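A.B. asks: Structure supplied as upload24.tsv; contents: TSV, C-alpha atoms.
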```tsv
chain	number	residue	atom	x	y	z
B	9	MET	CA	106.13	64.41	101.47
B	10	ASP	CA	104.51	63.85	104.84
B	11	PHE	CA	103.89	66.91	107.04
B	12	THR	CA	105.83	65.37	109.94
B	13	ALA	CA	108.82	64.64	107.67
B	14	PHE	CA	108.65	68.19	106.30
B	15	LYS	CA	108.54	69.62	109.81
B	16	MET	CA	111.54	67.52	110.93
B	17	ASN	CA	113.44	68.59	107.80
B	18	VAL	CA	112.82	72.26	108.65
B	19	VAL	CA	113.96	71.67	112.26
B	20	GLU	CA	117.17	69.99	111.06
B	21	THR	CA	117.84	72.61	108.41
B	22	THR	CA	117.37	75.64	110.64
B	23	GLY	CA	118.80	74.17	113.82
B	24	LEU	CA	116.01	75.74	115.86
B	25	ALA	CA	113.81	73.99	118.38
B	26	LYS	CA	110.23	73.15	117.37
B	27	ASP	CA	108.88	75.63	119.94
B	28	ALA	CA	110.95	78.44	118.44
B	29	LEU	CA	109.74	77.55	114.96
B	30	HIS	CA	106.13	77.77	116.14
B	31	ILE	CA	106.80	81.29	117.41
B	32	TYR	CA	108.47	82.33	114.14
B	33	VAL	CA	105.67	80.86	112.02
B	34	GLY	CA	103.01	82.60	114.10
B	35	ILE	CA	104.57	86.04	113.99
B	36	GLY	CA	105.58	85.57	110.33
B	37	VAL	CA	102.02	84.74	109.27
B	38	TYR	CA	100.67	87.66	111.33
B	39	LEU	CA	103.04	90.24	109.84
B	40	LEU	CA	102.67	88.84	106.31
B	41	CYS	CA	98.88	89.09	106.59
B	42	LEU	CA	99.15	92.66	107.83
B	43	MET	CA	101.31	93.59	104.82
B	44	VAL	CA	99.19	91.73	102.24
B	45	LEU	CA	95.91	93.08	103.60
B	46	ARG	CA	97.10	96.69	103.84
B	47	PRO	CA	95.90	97.74	100.36
B	48	ILE	CA	92.69	95.71	100.74
B	49	ILE	CA	91.49	96.65	104.24
B	50	ARG	CA	91.96	100.28	105.25
B	51	SER	CA	91.05	99.94	108.93
B	52	GLN	CA	94.04	98.94	111.06
B	53	ASN	CA	91.84	97.27	113.70
B	54	LEU	CA	89.96	95.14	111.19
B	55	ARG	CA	93.19	94.25	109.36
B	56	SER	CA	94.78	93.15	112.64
B	57	PHE	CA	91.76	91.05	113.54
B	58	VAL	CA	91.72	89.30	110.16
B	59	ALA	CA	95.45	88.58	110.50
B	60	LEU	CA	94.79	87.15	113.97
B	61	ILE	CA	92.14	84.83	112.55
B	62	ALA	CA	94.62	83.72	109.87
B	63	VAL	CA	97.30	82.92	112.48
B	64	THR	CA	94.84	80.94	114.59
B	65	SER	CA	93.62	79.05	111.52
B	66	ILE	CA	97.16	78.16	110.43
B	67	ALA	CA	97.99	77.00	113.97
B	68	LEU	CA	94.89	74.80	114.13
B	69	LEU	CA	95.64	73.38	110.68
B	70	GLY	CA	99.21	72.58	111.75
B	71	GLU	CA	98.02	70.75	114.84
B	72	TYR	CA	95.50	68.79	112.80
B	73	LEU	CA	98.25	67.76	110.37
B	74	ASP	CA	100.49	66.77	113.30
B	75	ASN	CA	97.81	64.48	114.74
B	76	ARG	CA	96.09	63.46	111.50
B	77	GLU	CA	96.85	59.73	111.72
B	78	THR	CA	95.42	59.42	115.23
B	79	ILE	CA	92.38	61.59	114.49
B	80	GLU	CA	91.50	59.73	111.28
B	81	SER	CA	91.78	56.29	112.85
B	82	LEU	CA	90.46	56.83	116.41
B	83	GLY	CA	88.81	60.26	116.34
B	84	LEU	CA	89.52	63.15	118.71
B	85	THR	CA	88.96	60.91	121.73
B	86	GLY	CA	91.87	58.74	120.58
B	87	LEU	CA	94.42	61.46	121.33
B	88	SER	CA	96.49	60.75	124.41
B	89	ARG	CA	97.00	63.23	127.23
B	90	GLU	CA	100.58	63.86	126.04
B	91	GLN	CA	99.41	64.59	122.50
B	92	LEU	CA	96.76	67.02	123.74
B	93	THR	CA	99.27	68.76	126.03
B	94	ALA	CA	101.79	69.08	123.20
B	95	SER	CA	99.12	70.42	120.83
B	96	ILE	CA	97.93	73.03	123.32
B	97	ARG	CA	101.53	74.11	123.96
B	98	ASP	CA	102.13	74.40	120.20
B	99	LEU	CA	98.95	76.47	119.75
B	100	ILE	CA	100.02	78.81	122.54
B	101	ASN	CA	103.54	79.15	121.10
B	102	THR	CA	102.20	79.88	117.63
B	103	CYS	CA	99.48	82.38	118.60
B	104	MET	CA	100.66	84.13	121.78
B	105	LEU	CA	102.89	86.84	120.32
B	106	SER	CA	100.32	87.67	117.63
B	107	TYR	CA	97.63	88.05	120.30
B	108	VAL	CA	99.93	90.28	122.36
B	109	LEU	CA	100.65	92.52	119.34
B	110	TYR	CA	96.93	92.68	118.56
B	111	ALA	CA	96.15	93.67	122.16
B	112	LEU	CA	98.87	96.35	122.16
B	113	ASN	CA	97.53	97.75	118.90
B	114	THR	CA	93.88	97.69	119.98
B	115	TRP	CA	93.94	98.77	123.62
B	116	THR	CA	97.00	100.99	123.86
B	117	THR	CA	98.47	103.84	121.86
B	118	PHE	CA	101.80	102.03	121.53
B	119	PHE	CA	101.55	101.62	117.73
B	120	HIS	CA	99.58	104.80	117.08
B	121	PRO	CA	101.28	107.96	115.80
B	122	THR	CA	102.00	110.59	118.45
B	123	SER	CA	101.23	113.54	116.20
B	124	LYS	CA	99.63	114.06	112.84
B	125	PRO	CA	102.08	114.22	109.95
B	126	THR	CA	102.55	117.67	108.46
B	127	SER	CA	103.85	118.66	105.09
B	128	LEU	CA	107.45	119.84	104.95
B	129	THR	CA	106.58	122.28	102.20
B	130	LYS	CA	103.73	124.19	103.78
B	131	ARG	CA	102.04	126.80	101.62
B	132	HIS	CA	100.38	129.72	103.40
B	133	LYS	CA	98.76	131.48	100.46
B	134	LYS	CA	97.73	130.40	97.01
B	135	THR	CA	100.20	132.90	95.56
B	136	ASP	CA	103.19	131.17	97.21
B	137	TYR	CA	104.64	129.03	94.44
```
Starting from the file, give its structure as structure tokens.
C.D. replies:
Amino acid sequence: MDFTAFKMNVVETTGLAKDALHIYVGIGVYLLCLMVLRPIIRSQNLRSFVALIAVTSIALLGEYLDNRETIESLGLTGLSREQLTASIRDLINTCMLSYVLYALNTWTTFFHPTSKPTSLTKRHKKTDY
């Protein structure tokens, strides 16, 4: 199945616009990477950065597959202004929310805990059993 046919099938099945699907794919890949990498990478900042690289890579791969026929026959210079504009818009739609979440996590305390967790069953002495 051709990538364009697959993409149109997904648009028809879900009833969502292509721009909305780009947003959902971007945030879905970002959150899935964060969950999959959690046991592998302990550092939240590094895990977020790796997930951001994955989202950007998937977005670039999707745009290559969208324009594959033109790129293979004429090269990158064969893309029209409309195709380039649409590709840039799709890249922004796919990556923007992931970049915003990464920025909030890195440069603010929005996703950081406000206090350290404490045990509900606190023992004061070793003889308290």
A.B. asks: Go ahead and compute the interatomic distance for atom CA of Ala67 of chain B and atom CA of Ile96 of chain B, in Å to one decimal.
C.D. replies: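 Answer for the atom CA of Ala67 of chain B to atom CA of Ile96 of chain B separation: 10.2 Å.
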A.B. asks: Kindly give the distance, in Å, that separates atom CA of Asp10 of chain B and atom CA of Tyr38 of chain B, rounded to a single decimal.
C.D. replies: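 Separation between atom CA of Asp10 of chain B and atom CA of Tyr38 of chain B: 25.0 Å.
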A.B. asks: How many Å lie between atom CA of Leu68 of chain B and atom CA of Ile100 of chain B, rounded to one decimal?
C.D. replies: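 Distance reported for this atom pair: 10.6 Å.
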A.B. asks: With a distance cut-off of 12 Å and only C-alpha atoms, select the neighbouring residues of Arg76 of chain B, excluding the residue or stretch itself and same-chain residues fewer than 5 positions from it, and output the selection as a PyMOL selection string.
C.D. replies: chain B and resi 10-12+68-71+81-84+86-87+91
A.B. asks: Which residues are near Ala59 of chain B? Cut-off 12 Å, all atoms listed in the file, ignore same chain within fewer than 5 positions. Put them as a VMD selection string.
C.D. replies: chain B and resid 34 to 46 49 52 to 54 64 to 66 103 106 to 107 109 to 110
A.B. asks: Have a look at B:His120, B:Arg55, B:His30, B:Arg50 and name the one nearest to Asn101 of chain B; count only C-alpha atoms.
C.D. replies: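 Among B:His120, B:Arg55, B:His30, B:Arg50, it is B:His30 that comes nearest to Asn101 of chain B.
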A.B. asks: Could I get the residues of segment 29-133 of chain B with an atom no further than 12 Å from an atom of segment 17-24 of chain B, each paired with its nearest atom pair and that distance in Å to one decimal, using all atoms listed in the file, sorted by chain and residue number, as a tab-separated table?
C.D. replies:
```
residue	atom	partner	partner_atom	distance
B:Leu29	CA	B:Leu24	CA	6.6
B:His30	CA	B:Leu24	CA	10.1
B:Ile31	CA	B:Leu24	CA	10.9
B:Tyr32	CA	B:Leu24	CA	10.2
B:Val33	CA	B:Val18	CA	11.7
```
A.B. asks: Around (99.3, 66.6, 122.2) in the file's frame, which residues reach within 12 Å when counting all atoms listed in the file? Return as a PyMOL selection string?
C.D. replies: chain B and resi 71-76+78-79+84-99
